[in-house]
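File shown: final_32.csv (CSV, C-alpha atoms).
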chain,number,residue,atom,x,y,z
S,1,MET,CA,-50.7,-13.0,26.2
S,2,LYS,CA,-53.2,-10.4,27.5
S,3,GLU,CA,-52.8,-9.0,31.0
S,4,PRO,CA,-56.0,-9.2,32.9
S,5,PRO,CA,-57.6,-5.9,33.8
S,6,LYS,CA,-56.2,-4.3,37.0
S,7,SER,CA,-59.5,-4.2,38.7
S,8,LEU,CA,-59.7,-7.9,39.6
S,9,VAL,CA,-58.9,-9.1,43.1
S,10,ALA,CA,-58.6,-12.7,44.3
S,11,CYS,CA,-59.5,-13.5,47.9
S,12,PRO,CA,-56.3,-14.6,49.6
S,13,GLU,CA,-58.2,-17.2,51.7
S,14,CYS,CA,-60.6,-18.8,49.2
S,15,ASP,CA,-59.3,-17.6,45.8
S,16,LEU,CA,-62.7,-16.3,44.7
S,17,LEU,CA,-62.2,-13.8,41.9
S,18,LEU,CA,-63.9,-10.5,42.5
S,19,ARG,CA,-64.2,-7.2,40.8
S,20,GLU,CA,-62.7,-4.4,42.8
S,21,ILE,CA,-65.3,-1.8,44.1
S,22,ASP,CA,-64.7,1.7,45.3
S,23,LEU,CA,-64.8,2.1,49.0
S,24,GLU,CA,-65.8,5.1,51.2
S,25,PRO,CA,-63.0,6.2,53.5
S,26,GLY,CA,-62.6,4.0,56.5
S,27,ARG,CA,-64.4,1.0,55.0
S,28,THR,CA,-63.1,-2.5,54.4
S,29,ALA,CA,-64.0,-4.7,51.5
S,30,VAL,CA,-64.6,-8.3,52.5
S,31,CYS,CA,-64.9,-11.5,50.4
S,32,ARG,CA,-68.4,-12.4,49.5
S,33,ARG,CA,-67.9,-16.1,49.9
S,34,CYS,CA,-65.6,-16.5,53.0
S,35,GLY,CA,-65.7,-13.1,54.7
S,36,ALA,CA,-61.9,-12.5,54.6
S,37,ALA,CA,-60.8,-8.8,54.7
S,38,LEU,CA,-59.7,-7.9,51.2
S,39,TYR,CA,-58.6,-4.3,51.2
S,40,ARG,CA,-59.3,-1.1,53.0
S,41,ASN,CA,-59.7,2.5,52.1
S,42,THR,CA,-57.6,4.4,54.6
S,43,THR,CA,-57.3,8.1,54.6
S,44,ASP,CA,-53.8,9.4,54.4
S,45,SER,CA,-52.4,6.1,55.5
S,46,ILE,CA,-48.7,6.8,54.6
S,47,TYR,CA,-48.5,10.1,56.4
S,48,ARG,CA,-50.3,8.8,59.5
S,49,THR,CA,-48.3,5.5,59.7
S,50,LEU,CA,-45.1,7.5,59.3
S,51,ALA,CA,-46.0,9.7,62.3
S,52,LEU,CA,-47.0,6.8,64.5
S,53,GLY,CA,-44.0,4.8,63.3
S,54,LEU,CA,-41.5,7.5,64.3
S,55,ALA,CA,-43.1,7.9,67.7
S,56,ALA,CA,-43.0,4.1,68.2
S,57,ALA,CA,-39.4,4.0,67.2
S,58,LEU,CA,-38.3,6.7,69.7
S,59,LEU,CA,-40.2,5.1,72.5
S,60,PHE,CA,-38.9,1.6,71.5
S,61,ILE,CA,-35.3,2.9,71.9
S,62,ILE,CA,-36.1,4.2,75.4
S,63,ALA,CA,-37.8,0.8,76.2
S,64,ASN,CA,-34.7,-1.0,75.2
S,65,ILE,CA,-32.2,1.1,77.3
S,66,TYR,CA,-33.9,1.6,80.6
S,67,PRO,CA,-34.8,-1.0,83.2
S,68,ILE,CA,-38.2,-2.7,82.9
S,69,LEU,CA,-38.6,-3.8,86.5
S,70,GLY,CA,-36.6,-3.8,89.7
S,71,ILE,CA,-37.1,-5.9,92.8
S,72,GLU,CA,-36.0,-5.4,96.4
S,73,SER,CA,-36.1,-7.7,99.4
S,74,GLN,CA,-34.4,-7.2,102.8
S,75,GLY,CA,-31.8,-4.8,101.4
S,76,ASN,CA,-31.0,-6.9,98.4
S,77,GLY,CA,-32.2,-5.8,95.0
S,78,SER,CA,-31.8,-6.2,91.3
S,79,ALA,CA,-33.2,-4.7,88.1
S,80,THR,CA,-33.1,-5.6,84.5
S,81,ASN,CA,-33.7,-4.2,81.1
S,82,LEU,CA,-34.5,-6.2,78.0
S,83,TYR,CA,-30.9,-6.9,77.0
S,84,GLY,CA,-30.1,-7.9,80.5
S,85,ALA,CA,-32.9,-10.4,80.5
S,86,VAL,CA,-31.8,-11.9,77.2
S,87,GLY,CA,-28.2,-12.0,78.4
S,88,SER,CA,-29.0,-13.7,81.6
S,89,LEU,CA,-30.9,-16.5,79.9
S,90,TRP,CA,-27.9,-16.9,77.6
S,91,ASP,CA,-25.6,-17.3,80.6
S,92,GLN,CA,-27.9,-19.9,82.0
S,93,LYS,CA,-27.2,-22.0,78.8
S,94,MET,CA,-30.8,-21.4,77.6
S,95,HIS,CA,-29.5,-20.3,74.2
S,96,PHE,CA,-32.6,-21.2,72.1
S,97,ILE,CA,-35.0,-19.4,74.5
S,98,SER,CA,-32.6,-16.5,74.7
S,99,LEU,CA,-32.4,-16.2,70.9
S,100,LEU,CA,-36.2,-16.6,70.6
S,101,VAL,CA,-36.8,-13.7,73.0
S,102,PHE,CA,-34.0,-11.6,71.4
S,103,ILE,CA,-35.6,-12.1,67.9
S,104,THR,CA,-39.2,-11.6,68.8
S,105,THR,CA,-38.8,-8.6,71.1
S,106,ILE,CA,-35.7,-6.7,69.8
S,107,VAL,CA,-34.7,-7.7,66.3
S,108,VAL,CA,-38.0,-8.0,64.5
S,109,PRO,CA,-39.7,-4.9,66.1
S,110,SER,CA,-36.6,-2.7,65.4
S,111,LEU,CA,-36.3,-4.0,61.8
S,112,GLU,CA,-40.0,-3.5,61.3
S,113,LEU,CA,-40.0,0.1,62.5
S,114,SER,CA,-36.8,1.1,60.7
S,115,LEU,CA,-38.0,-0.4,57.4
S,116,LEU,CA,-41.3,1.3,57.8
S,117,ILE,CA,-39.6,4.7,58.2
S,118,TYR,CA,-37.1,4.0,55.4
S,119,LEU,CA,-40.0,3.2,53.0
S,120,LEU,CA,-42.6,5.7,54.0
S,121,LEU,CA,-40.4,8.8,54.5
S,122,PRO,CA,-39.3,9.0,50.8
S,123,LEU,CA,-42.8,8.1,49.6
S,124,ARG,CA,-44.2,11.0,51.7
S,125,LEU,CA,-41.6,13.3,50.1
S,126,GLY,CA,-42.7,12.2,46.7
S,127,HIS,CA,-40.1,9.6,45.5
S,128,VAL,CA,-39.9,5.8,45.6
S,129,PRO,CA,-37.0,4.5,47.8
S,130,PRO,CA,-34.7,1.9,46.2
S,131,GLY,CA,-35.6,-1.7,46.9
S,132,LEU,CA,-39.2,-0.9,47.8
S,133,ALA,CA,-40.6,-4.2,46.4
S,134,PRO,CA,-38.2,-6.7,48.1
S,135,LEU,CA,-38.2,-4.7,51.3
S,136,MET,CA,-42.0,-4.7,51.5
S,137,ARG,CA,-41.9,-8.5,50.9
S,138,PHE,CA,-39.4,-8.9,53.7
S,139,LEU,CA,-41.5,-6.7,56.0
S,140,GLN,CA,-44.5,-8.9,55.4
S,141,SER,CA,-42.5,-12.1,56.1
S,142,ILE,CA,-41.1,-10.9,59.4
S,143,LYS,CA,-44.3,-9.4,60.7
S,144,PRO,CA,-45.8,-12.4,62.5
S,145,TRP,CA,-42.6,-12.7,64.6
S,146,GLY,CA,-42.8,-9.3,66.3
S,147,MET,CA,-44.4,-9.9,69.6
S,148,VAL,CA,-44.1,-6.7,71.6
S,149,GLU,CA,-47.8,-7.0,72.8
S,150,VAL,CA,-47.3,-10.5,74.1
S,151,PHE,CA,-44.1,-9.4,75.9
S,152,MET,CA,-46.1,-6.6,77.5
S,153,LEU,CA,-48.6,-9.1,78.9
S,154,GLY,CA,-45.6,-11.2,80.0
S,155,ILE,CA,-44.3,-8.2,82.0
S,156,LEU,CA,-47.6,-7.9,83.8
S,157,VAL,CA,-47.8,-11.6,84.6
S,158,ALA,CA,-44.2,-11.5,86.0
S,159,LEU,CA,-45.2,-8.4,88.0
S,160,VAL,CA,-48.1,-10.3,89.7
S,161,LYS,CA,-45.9,-13.3,90.4
S,162,LEU,CA,-43.3,-11.1,92.0
S,163,THR,CA,-45.5,-9.0,94.3
S,164,ASP,CA,-45.9,-11.7,96.9
S,165,ASN,CA,-42.2,-11.9,97.8
S,166,PHE,CA,-40.6,-8.6,96.7
S,167,ARG,CA,-41.0,-4.9,96.7
S,168,ILE,CA,-41.4,-3.9,93.0
S,169,ILE,CA,-39.7,-0.9,91.5
S,170,PRO,CA,-41.3,-0.2,88.1
S,171,GLY,CA,-38.8,1.1,85.6
S,172,VAL,CA,-39.0,3.7,82.8
S,173,ALA,CA,-39.1,0.9,80.2
S,174,LEU,CA,-42.3,-0.6,81.7
S,175,TRP,CA,-44.2,2.5,80.7
S,176,SER,CA,-42.3,2.8,77.4
S,177,PHE,CA,-43.3,-0.7,76.5
S,178,GLY,CA,-46.9,0.0,77.2
S,179,GLY,CA,-46.6,3.0,74.9
S,180,VAL,CA,-44.9,1.0,72.2
S,181,THR,CA,-47.6,-1.7,72.4
S,182,LEU,CA,-50.3,0.9,71.8
S,183,LEU,CA,-48.4,2.7,69.0
S,184,LEU,CA,-47.6,-0.5,67.2
S,185,ALA,CA,-51.3,-1.4,67.3
S,186,ALA,CA,-52.1,2.0,65.8
S,187,VAL,CA,-49.4,1.4,63.1
S,188,ALA,CA,-51.0,-1.9,62.2
S,189,ALA,CA,-54.4,-0.3,62.0
S,190,THR,CA,-53.4,2.6,59.8
S,191,PHE,CA,-50.7,1.0,57.6
S,192,ASN,CA,-52.2,0.1,54.2
S,193,PRO,CA,-49.7,-1.8,52.0
S,194,ARG,CA,-52.1,-1.2,49.1
S,195,ASP,CA,-51.3,2.5,49.1
S,196,VAL,CA,-47.6,1.7,48.9
S,197,TRP,CA,-48.1,-0.7,46.0
S,198,ALA,CA,-50.3,1.9,44.3
S,199,HIS,CA,-47.2,4.2,44.4
S,200,LEU,CA,-45.3,1.5,42.5
S,201,ASP,CA,-48.1,1.3,39.9
S,202,TRP,CA,-48.3,5.0,39.5
S,203,ASN,CA,-44.5,5.3,39.2
S,204,SER,CA,-44.1,2.6,36.6
S,205,ASN,CA,-46.9,4.1,34.5
S,206,LYS,CA,-45.2,7.5,34.7
S,207,ASP,CA,-41.9,5.9,33.5
S,208,GLU,CA,-43.6,4.4,30.5
S,209,GLN,CA,-44.9,7.7,29.3
S,210,PRO,CA,-42.4,9.9,27.4
A,211,MET,CA,-74.2,-19.3,43.1
A,212,LYS,CA,-72.0,-20.8,45.7
A,213,ARG,CA,-71.2,-23.9,43.7
A,214,ASP,CA,-70.4,-22.0,40.5
A,215,ALA,CA,-68.2,-19.3,42.2
A,216,ILE,CA,-65.3,-18.5,39.9
A,217,THR,CA,-61.9,-18.7,41.5
A,218,ALA,CA,-58.8,-17.1,40.1
A,219,ALA,CA,-57.1,-20.4,39.7
A,220,SER,CA,-59.9,-21.8,37.6
A,221,LEU,CA,-59.2,-19.1,35.0
A,222,GLY,CA,-55.5,-19.6,35.2
A,223,LEU,CA,-55.0,-16.4,37.1
A,224,CYS,CA,-52.9,-16.1,40.2
A,225,ALA,CA,-53.0,-13.5,43.0
A,226,CYS,CA,-49.6,-12.4,44.4
A,227,HIS,CA,-49.2,-13.4,48.0
A,228,VAL,CA,-47.3,-10.3,48.8
A,229,CYS,CA,-49.0,-7.4,46.9
A,230,GLY,CA,-52.2,-9.0,45.8
A,231,LEU,CA,-51.9,-8.2,42.1
A,232,VAL,CA,-53.8,-10.7,40.0
A,233,SER,CA,-51.9,-11.8,37.0
A,234,ARG,CA,-51.5,-14.7,34.5
A,235,PRO,CA,-48.3,-16.6,35.4
A,236,GLY,CA,-47.6,-17.7,31.8
A,237,THR,CA,-46.3,-21.2,30.9
A,238,ALA,CA,-46.0,-23.7,33.7
A,239,SER,CA,-42.4,-24.7,33.0
A,240,THR,CA,-40.8,-21.4,34.0
A,241,LYS,CA,-40.9,-19.9,37.5
A,242,ALA,CA,-43.3,-17.1,37.4
A,243,HIS,CA,-42.8,-13.8,39.2
A,244,CYS,CA,-45.3,-11.1,40.1
A,245,PRO,CA,-45.1,-8.3,37.4
A,246,ARG,CA,-45.5,-5.6,40.1
A,247,CYS,CA,-43.5,-6.7,43.2
A,248,GLY,CA,-41.3,-9.5,41.8
A,249,ALA,CA,-42.5,-12.2,44.4
A,250,ARG,CA,-42.6,-15.8,43.2
A,251,LEU,CA,-46.1,-16.7,42.0
A,252,HIS,CA,-47.8,-19.9,42.8
A,253,PHE,CA,-51.5,-21.0,42.7
A,254,ARG,CA,-51.3,-22.7,46.1
A,255,LYS,CA,-48.5,-22.7,48.6
A,256,PRO,CA,-46.1,-25.3,47.2
A,257,HIS,CA,-46.1,-28.5,49.3
A,258,GLY,CA,-48.0,-26.5,51.9
A,259,ALA,CA,-50.0,-29.4,53.3
A,260,GLU,CA,-47.0,-31.8,53.5
A,261,GLN,CA,-44.8,-29.2,55.3
A,262,CYS,CA,-47.7,-28.4,57.6
A,263,TRP,CA,-48.0,-32.1,58.5
A,264,ALA,CA,-44.3,-32.4,59.2
A,265,LEU,CA,-44.1,-29.4,61.4
A,266,LEU,CA,-47.3,-30.4,63.2
A,267,ILE,CA,-46.1,-33.9,64.0
A,268,THR,CA,-42.8,-32.5,65.3
A,269,ALA,CA,-44.8,-30.2,67.5
A,270,TYR,CA,-47.0,-33.1,68.8
A,271,ILE,CA,-43.8,-34.9,69.8
A,272,LEU,CA,-42.4,-31.9,71.6
A,273,TYR,CA,-45.7,-31.2,73.3
A,274,LEU,CA,-45.2,-33.9,75.8
A,275,PRO,CA,-41.8,-32.7,77.2
A,276,ALA,CA,-43.1,-29.1,77.0
A,277,ASN,CA,-45.8,-29.9,79.5
A,278,MET,CA,-44.2,-32.5,81.6
A,279,MET,CA,-40.7,-31.1,82.1
A,280,THR,CA,-39.8,-28.3,84.5
A,281,ILE,CA,-40.2,-24.9,82.9
A,282,MET,CA,-39.0,-22.9,86.0
A,283,GLU,CA,-37.0,-23.6,89.1
A,284,THR,CA,-37.5,-21.3,92.1
A,285,GLY,CA,-35.1,-21.5,95.1
A,286,SER,CA,-34.9,-19.5,98.3
A,287,LEU,CA,-33.6,-19.9,101.8
A,288,VAL,CA,-36.7,-21.8,103.0
A,289,SER,CA,-38.1,-23.5,99.9
A,290,TYR,CA,-37.3,-25.0,96.6
A,291,ARG,CA,-39.8,-25.8,93.9
A,292,LYS,CA,-39.9,-26.9,90.3
A,293,ASP,CA,-42.8,-25.8,88.2
A,294,THR,CA,-44.2,-27.3,85.0
A,295,ILE,CA,-46.6,-25.1,83.0
A,296,MET,CA,-49.7,-26.6,84.7
A,297,SER,CA,-48.3,-26.5,88.2
A,298,GLY,CA,-47.4,-22.8,87.7
A,299,VAL,CA,-51.0,-22.1,86.8
A,300,VAL,CA,-52.2,-24.0,89.9
A,301,HIS,CA,-49.7,-22.1,92.1
A,302,LEU,CA,-51.0,-18.7,90.8
A,303,TRP,CA,-54.6,-19.8,91.3
A,304,LEU,CA,-54.0,-20.9,94.9
A,305,ASN,CA,-52.1,-17.7,95.7
A,306,GLY,CA,-55.2,-15.7,94.9
A,307,SER,CA,-54.2,-14.4,91.4
A,308,MET,CA,-57.2,-16.1,89.7
A,309,GLY,CA,-57.4,-13.6,86.8
A,310,ILE,CA,-53.8,-14.0,85.9
A,311,ALA,CA,-54.0,-17.8,86.4
A,312,ILE,CA,-56.8,-17.9,83.8
A,313,VAL,CA,-54.9,-15.7,81.4
A,314,VAL,CA,-51.8,-18.0,81.7
A,315,PHE,CA,-53.9,-21.1,81.4
A,316,ILE,CA,-55.5,-19.9,78.2
A,317,ALA,CA,-52.3,-18.7,76.6
A,318,SER,CA,-50.1,-21.7,77.6
A,319,ILE,CA,-52.4,-24.7,77.8
A,320,VAL,CA,-55.6,-24.0,75.8
A,321,VAL,CA,-54.0,-22.2,72.8
A,322,PRO,CA,-51.3,-24.7,72.0
A,323,LEU,CA,-53.7,-27.7,72.3
A,324,PHE,CA,-56.3,-25.8,70.3
A,325,LYS,CA,-53.8,-25.1,67.5
A,326,LEU,CA,-52.5,-28.6,67.3
A,327,LEU,CA,-56.1,-30.1,67.1
A,328,ALA,CA,-57.5,-27.4,64.8
A,329,LEU,CA,-54.6,-27.8,62.3
A,330,THR,CA,-54.9,-31.6,62.4
A,331,TRP,CA,-58.6,-31.4,61.6
A,332,LEU,CA,-58.0,-28.9,58.8
A,333,LEU,CA,-55.4,-31.0,57.2
A,334,ILE,CA,-57.5,-34.2,57.4
A,335,SER,CA,-60.6,-32.5,56.0
A,336,VAL,CA,-58.6,-31.0,53.2
A,337,ARG,CA,-57.1,-34.3,52.4
A,338,LYS,CA,-60.5,-35.9,52.2
A,339,ARG,CA,-61.6,-33.0,50.0
A,340,SER,CA,-64.5,-32.3,52.3
A,341,LYS,CA,-67.1,-29.9,51.0
A,342,LYS,CA,-68.7,-29.3,54.3
A,343,LEU,CA,-68.3,-26.5,56.8
A,344,THR,CA,-66.1,-24.4,54.5
A,345,ILE,CA,-66.9,-21.1,56.1
A,346,GLU,CA,-66.5,-22.5,59.6
A,347,ARG,CA,-63.1,-24.1,58.7
A,348,THR,CA,-61.9,-20.9,57.2
A,349,ARG,CA,-62.8,-19.0,60.4
A,350,LEU,CA,-61.1,-21.6,62.5
A,351,TYR,CA,-57.9,-21.1,60.4
A,352,ARG,CA,-58.2,-17.4,60.9
A,353,LEU,CA,-58.5,-17.9,64.7
A,354,VAL,CA,-55.5,-20.2,64.7
A,355,GLU,CA,-53.4,-17.6,63.0
A,356,LEU,CA,-54.7,-14.9,65.4
A,357,VAL,CA,-54.1,-16.5,68.7
A,358,GLY,CA,-50.9,-18.5,68.0
A,359,ARG,CA,-48.4,-15.8,69.1
A,360,TRP,CA,-50.0,-15.5,72.6
A,361,SER,CA,-48.5,-18.8,73.7
A,362,MET,CA,-45.1,-17.1,73.9
A,363,LEU,CA,-46.4,-15.5,77.2
A,364,ASP,CA,-44.9,-18.1,79.5
A,365,ILE,CA,-41.5,-17.8,77.8
A,366,TYR,CA,-41.4,-14.1,78.4
A,367,VAL,CA,-42.5,-14.5,82.0
A,368,VAL,CA,-39.8,-17.1,82.7
A,369,THR,CA,-37.2,-14.8,80.9
A,370,LEU,CA,-38.1,-11.9,83.1
A,371,LEU,CA,-38.2,-13.8,86.4
A,372,ALA,CA,-34.9,-15.6,85.6
A,373,ALA,CA,-33.2,-12.3,84.9
A,374,LEU,CA,-34.7,-10.5,87.9
A,375,VAL,CA,-34.7,-12.9,90.8
A,376,GLN,CA,-31.0,-13.4,91.2
A,377,LEU,CA,-30.5,-12.4,94.9
A,378,GLN,CA,-27.8,-15.0,95.7
A,379,SER,CA,-28.8,-16.9,98.8
A,380,LEU,CA,-32.1,-15.2,99.2
A,381,ALA,CA,-33.9,-16.2,96.1
A,382,THR,CA,-33.1,-17.4,92.6
A,383,VAL,CA,-35.1,-18.4,89.6
A,384,LYS,CA,-33.8,-20.5,86.7
A,385,ALA,CA,-35.4,-21.5,83.4
A,386,GLY,CA,-35.9,-25.2,83.1
A,387,PRO,CA,-35.5,-27.6,80.1
A,388,GLY,CA,-39.3,-27.6,79.6
A,389,ALA,CA,-39.1,-24.0,78.4
A,390,ILE,CA,-37.0,-25.1,75.4
A,391,ALA,CA,-39.5,-27.7,74.3
A,392,PHE,CA,-42.4,-25.3,74.9
A,393,GLY,CA,-40.7,-22.5,72.9
A,394,ALA,CA,-40.1,-25.0,70.1
A,395,VAL,CA,-43.8,-26.0,70.1
A,396,VAL,CA,-44.9,-22.4,69.8
A,397,VAL,CA,-42.5,-21.7,66.9
A,398,LEU,CA,-43.3,-25.0,65.1
A,399,THR,CA,-47.1,-24.5,65.3
A,400,MET,CA,-46.7,-20.9,64.0
A,401,PHE,CA,-44.7,-22.2,61.0
A,402,ALA,CA,-47.2,-25.0,60.5
A,403,ALA,CA,-50.1,-22.5,60.4
A,404,MET,CA,-48.2,-20.3,57.9
A,405,ARG,CA,-47.7,-23.3,55.6
A,406,PHE,CA,-51.3,-24.3,55.5
A,407,ASP,CA,-53.1,-22.8,52.6
A,408,PRO,CA,-56.8,-21.9,53.4
A,409,ARG,CA,-57.7,-21.9,49.7
A,410,LEU,CA,-57.4,-25.7,49.8
A,411,ILE,CA,-60.5,-25.7,52.0
A,412,TRP,CA,-62.5,-24.2,49.1
A,413,ASP,CA,-60.9,-26.1,46.1
A,414,PRO,CA,-63.2,-29.2,46.4
A,415,LEU,CA,-66.2,-26.9,45.6
A,416,GLN,CA,-64.8,-26.3,42.1
A,417,LYS,CA,-66.3,-28.5,39.4
A,418,GLU,CA,-64.0,-31.2,38.4
A,419,SER,CA,-62.6,-30.3,35.0

Please express the file's structure as structure tokens.
Amino acid sequence: MKEPPKSLVACPECDLLLREIDLEPGRTAVCRRCGAALYRNTTDSIYRTLALGLAAALLFIIANIYPILGIESQGNGSATNLYGAVGSLWDQKMHFISLLVFITTIVVPSLELSLLIYLLLPLRLGHVPPGLAPLMRFLQSIKPWGMVEVFMLGILVALVKLTDNFRIIPGVALWSFGGVTLLLAAVAATFNPRDVWAHLDWNSNKDEQP
Amino acid sequence: MKRDAITAASLGLCACHVCGLVSRPGTASTKAHCPRCGARLHFRKPHGAEQCWALLITAYILYLPANMMTIMETGSLVSYRKDTIMSGVVHLWLNGSMGIAIVVFIASIVVPLFKLLALTWLLISVRKRSKKLTIERTRLYRLVELVGRWSMLDIYVVTLLAALVQLQSLATVKAGPGAIAFGAVVVLTMFAAMRFDPRLIWDPLQKES
């Protein structure tokens, strides 16, 4: 059975078969029929994503350790970081919600960032890390469940709700979460899985040649 | 041109849902894998529509308790109140935070309802093999995927308030059972949207063969 030529792409949303075209840097190819984004030509995407990902990871660690918000009223006060918030819901017997928050704001973002660094650092240094294909697959499947940007909006809404009755003490993690939100958006904009898969193509072609 | 558009499936070709490589999956009896990344290949998401229906119906059932039960209990020396999602929005509005009230209203009330109705319409139209409004329906699906996650907003707000406002007799906030149902609706509709295959919208345009 003959393999079809590599230059074919099928639209993921309407299955239209299209011939791949060369793109100028920064441009995106879209499906002729349904308008879905097909692929992008990003300059230096592995290098840039790696830099942004490392910065996001550092800031994310800070965002997890330090308090997000503190409140004070008539001499009484309390403050919480992300783990404290998850733990306090768990103690209130809200296990499902506690797990949901834990997974979407801690587990998935940290997995996402560490996988990204694990995959891109070796690629940048010129070799393919073991397990690249299954890890890329895993990365893609957990992606929708990382919700740092929604959590950031949640912090802001909570802040507004609290200002009526309490004095608010913004914590270090409040600013760090803001930074992580922006950096993760930048990671999403620069990361181009196509470039990673191209490495796999290139590498397997190299292996075949003597 | 539109009618005779060639799809990958009509030529027996299959695009990998992970890496996008187009390949020929071989004989139908064996489970095919992508030659580049090893992901399981399938022409359309297997049982996508059925699973989408199942998740959606469960979400509809939970939608009622999610909106009618208490999502947050606030207690202080002078007052005690229970809030559902809607009463929380009204409370914000009346206290002068209109902008935030609108944001919460959209994220917690408009978005979940929009997702449920949009997915229902998509599933019914696909089932009827409708050939109309293909572009519009594809765009609608894209929108559903894009906005779904923002419904988690209220869950995060309740989490933060319940963790922070623990000042013994002065003021306490507790999460209510409505939050569990609401969280479940968000998760279920996200899974439902993932199981829907937008290519089903376009399949009826193919000539019967």

Give me, as a PyMOL selection string, the contact residues of chain S against chain A at a cut-off of 7 Å, counting only C-alpha atoms. chain S and resi 3-4+8-10+13-17+34+76-80+84-85+88-89+96-97+133+137+150-151+153-155+157-158+197

List the neighbours of Lys241 in chain A out to 9 Å using only C-alpha atoms; skip same-chain residues closer than 4 positions along the sequence, and give me the result as a PDB file with C-alpha atoms, keeping the file's coordinate frame.
ATOM      1  CA  PRO A 235     -48.300 -16.600  35.400  1.00  0.00           C
ATOM      2  CA  THR A 237     -46.300 -21.200  30.900  1.00  0.00           C
ATOM      3  CA  ARG A 250     -42.600 -15.800  43.200  1.00  0.00           C
ATOM      4  CA  LEU A 251     -46.100 -16.700  42.000  1.00  0.00           C
ATOM      5  CA  HIS A 252     -47.800 -19.900  42.800  1.00  0.00           C
TER       6      HIS A 252
END

Could you tell me how far CA of Cys262 in chain A sits from CA of Ser340 in chain A, in Å to one decimal place?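 Going from CA of Ser340 in chain A over to CA of Cys262 in chain A covers 18.0 Å.
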
When you count only C-alpha atoms, which of these residues is closest to Glu283 in chain A: A:Val395, A:Ala402, A:Ile295, A:Val320? A:Ile295

Between CA of Leu115 in chain S and CA of Pro130 in chain S lies a distance of 11.9 Å

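Closest approach to Pro134 in chain S from the set S:Leu119, S:Thr43, S:Val108, S:Gly53 is made by S:Leu119, with distances taken over all atoms listed in the file.
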
When you count all atoms listed in the file, which of these residues is closest to Ser110 in chain S: S:Gly146, S:Gly70, S:Gly178, S:Pro25?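 The answer is S:Gly146, which sits nearest to Ser110 in chain S.
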
What is the CA of Thr399 in chain A-CA of Ala264 in chain A distance in Å, reported with one decimal?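 Taking CA of Thr399 in chain A and CA of Ala264 in chain A, their separation equals 10.4 Å.
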